[in-house]
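Contents: one structure, followed by commentary.
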Amino acid sequence: MSEAPEDEDEETPSTLDVVGIACFRAAVVAGIVGGIESTLVSTSIEVKVPGFGAATAGFWIPATLLLLFPAHLLRSLEDPNLRRRLAFAFGVLIAGAALFAKLAKVSSPQLRAAPLELAATVGLLWAVTEVQLGPPLRRFVAVAGIVFVVVLQVWSTRFVDAHRALAGALVEATFVPRLLLKFVLRKFV
């Protein structure tokens with residue numbers, strides 16, 4: 001009889017596990033979105049600097065942590081038909097946002113990028129939250145997630161100080177990194 005509570009404890013994630021896994025999921029999506037965005041920005045200004053993708057991923061960490069909430073709400077839907085329809089709707093939304101970003105006549109590149117950035121990030125986070133980790137991997141991934149988030153945040157703040165021109169190009173072309181740089185880090189006021 002004493003074995004049942006121990007099995008329950010093994011299946012119930014600790015607070016460290018929950019926070020760390022959320023950080024890991026946020027870091028994975030921030031890495032994907034930041035890598036794509038940094039590639040697009042560096043290609044547009046024709047400058048390649050090592051570490052720009054990691055710095056951009058660091059700027060995405062706060063946003064991905066916040067956007068985990070709608071992703072978890074989408075994951076909690078129980079009806080498989082509704083989930084399939086929503087996944088299709090997200091694909092259409094991302095494609096439409098990409099067309100808007102490419103073809104819109106809005107003068108601000110940040111406003112053109114915002115729908116694509118947010119829709120793609122929530123869609124990726126939803127996909128990442130679908131992956132469930134068992135007890136053997138849970139603690140390792142949780143600790144790695146916290147370490148990744150801290151390293152990306154420190155790297156991005158140091159990168160901005162060393163490469164202000166690239167950070168300025170990021171501010172001019174993106175929405176989420178612009179918000180972090182202007183209003184959180186107050187690097188470009």
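All residue names refer to the structure tokens as shown: chains lettered A, B, ... in order, residues numbered from 1 in each chain, ligands numbered from 1 in order.
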Do you know which residues are at most 8 Å from range 35-51 of chain A counting only C-alpha atoms, after dropping those on the same chain fewer than 4 positions away, and could you put them as a compact mmCIF listing (two decimals) with N, CA and C atoms, in the first residue's frame?
```txt
# COMPACT_ATOMS: atom_id res chain seq x y z
N ALA A 30 11.71 30.06 -29.00
CA ALA A 30 12.47 31.31 -29.16
C ALA A 30 13.67 31.09 -30.06
N GLY A 31 14.31 29.95 -29.93
CA GLY A 31 15.45 29.63 -30.79
C GLY A 31 15.05 29.51 -32.25
N ALA A 55 21.16 35.81 -29.86
CA ALA A 55 20.74 37.07 -29.25
C ALA A 55 19.27 37.35 -29.54
N THR A 56 18.86 37.11 -30.78
CA THR A 56 17.46 37.33 -31.13
C THR A 56 16.56 36.35 -30.38
N ALA A 57 17.01 35.13 -30.21
CA ALA A 57 16.26 34.16 -29.41
C ALA A 57 16.10 34.65 -27.98
N PHE A 159 25.07 41.05 -26.21
CA PHE A 159 25.17 41.22 -27.65
C PHE A 159 24.72 42.63 -28.06
N LEU A 166 23.43 46.15 -35.28
CA LEU A 166 22.57 45.00 -35.57
C LEU A 166 21.30 45.04 -34.74
N ALA A 169 19.00 47.41 -36.38
CA ALA A 169 18.35 46.81 -37.54
C ALA A 169 17.21 45.89 -37.12
N LEU A 170 17.40 45.18 -36.01
CA LEU A 170 16.36 44.32 -35.48
C LEU A 170 15.17 45.15 -35.01
N ALA A 173 13.03 46.24 -38.03
CA ALA A 173 12.37 45.24 -38.88
C ALA A 173 11.44 44.28 -38.15
N THR A 174 11.44 44.27 -36.83
CA THR A 174 10.67 43.26 -36.10
C THR A 174 9.72 43.91 -35.10
```
Separation of CA of Asp161 in chain A from CA of Arg25 in chain A in Å
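Calculated distance between CA of Arg25 in chain A and CA of Asp161 in chain A is 26.9 Å.
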* Which neighbours of Ala27 in chain A fall inside 7 Å, counting only C-alpha atoms, when residues of the same chain fewer than 2 positions from it are skipped, and could you give them as a count of residues only? -> 10
Which one is closest to Val19 in chain A: A:Ala104, A:Val141, A:Leu125, A:Ala165? Count only C-alpha atoms.
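Closest residue, counting only C-alpha atoms: A:Val141.
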If you run DSSP over the backbone, which residues in chain A end up alpha helix (DSSP H)? Put them as a PyMOL selection string. chain A and resi 3-11+15-45+52-75+80-103+109-129+135-162+164-173+176-179
Length of the CA of Gly20 in chain A to CA of Ile146 in chain A vector [Å]: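 Pair CA of Gly20 in chain A / CA of Ile146 in chain A returns 5.3 Å.
Atom to atom, CA of Leu82 in chain A and CA of Ala101 in chain A stand 27.8 Å apart.
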- Message: For Leu16 in chain A, find every residue with an atom within 9 Å (counting only C-alpha atoms), except residues of its own chain fewer than 4 positions away, and show them as a PyMOL selection string.
- Response: chain A and resi 20-21+139+142-143
Would you export the selected residues with N, CA and C atoms as a PDB file, in the first residue's frame, please?
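Listed below is the output, out32.pdb:
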```
ATOM      1  N   GLY A  20      10.747  24.618 -15.221  1.00  0.00           N
ATOM      2  CA  GLY A  20      11.850  24.298 -16.111  1.00  0.00           C
ATOM      3  C   GLY A  20      11.392  23.817 -17.480  1.00  0.00           C
ATOM      4  N   ILE A  21      10.351  22.999 -17.512  1.00  0.00           N
ATOM      5  CA  ILE A  21       9.834  22.517 -18.794  1.00  0.00           C
ATOM      6  C   ILE A  21       9.205  23.671 -19.574  1.00  0.00           C
ATOM      7  N   ARG A 139      13.248  15.925 -15.231  1.00  0.00           N
ATOM      8  CA  ARG A 139      14.137  16.756 -14.415  1.00  0.00           C
ATOM      9  C   ARG A 139      15.299  17.298 -15.244  1.00  0.00           C
ATOM     10  N   ALA A 142      14.009  20.015 -17.457  1.00  0.00           N
ATOM     11  CA  ALA A 142      13.654  21.192 -16.657  1.00  0.00           C
ATOM     12  C   ALA A 142      14.889  22.013 -16.301  1.00  0.00           C
ATOM     13  N   VAL A 143      15.922  21.361 -15.846  1.00  0.00           N
ATOM     14  CA  VAL A 143      17.154  22.081 -15.491  1.00  0.00           C
ATOM     15  C   VAL A 143      17.789  22.689 -16.744  1.00  0.00           C
TER      16      VAL A 143
END
```
Got a sec: who's within 8 Å of Thr121 in chain A, counting only C-alpha atoms, leaving out chain neighbours fewer than 2 positions off, as a PDB file with C-alpha atoms, in the first residue's frame?
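Wrote around-v2.pdb, looks like this:
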```pdb
ATOM      1  CA  VAL A  29      10.464  28.139 -29.821  1.00  0.00           C
ATOM      2  CA  VAL A  33      11.704  32.072 -34.262  1.00  0.00           C
ATOM      3  CA  THR A  64       7.362  32.939 -25.651  1.00  0.00           C
ATOM      4  CA  LEU A  67       2.432  33.040 -25.224  1.00  0.00           C
ATOM      5  CA  GLU A 117       5.478  36.694 -35.509  1.00  0.00           C
ATOM      6  CA  LEU A 118       2.636  36.165 -33.036  1.00  0.00           C
ATOM      7  CA  ALA A 119       0.671  33.567 -35.037  1.00  0.00           C
ATOM      8  CA  GLY A 123       1.403  27.747 -33.382  1.00  0.00           C
ATOM      9  CA  LEU A 124       4.925  26.517 -32.625  1.00  0.00           C
ATOM     10  CA  LEU A 125       4.301  26.699 -28.882  1.00  0.00           C
TER      11      LEU A 125
END
```
Counting only C-alpha atoms, closest pick from A:Leu137, A:Ala127, A:Ala120, A:Ala113 relative to Arg83 in chain A is A:Ala127
If you count only C-alpha atoms, the residue of A:Leu74, A:Val122, A:Val128, A:Ala63 closest to Pro177 in chain A turns out to be A:Ala63
Residue nearest Ser14 in chain A among A:Arg85, A:His163, A:Lys105, A:Arg138 (counting only C-alpha atoms) |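 Smallest separation from Ser14 in chain A among the options: A:Arg138.
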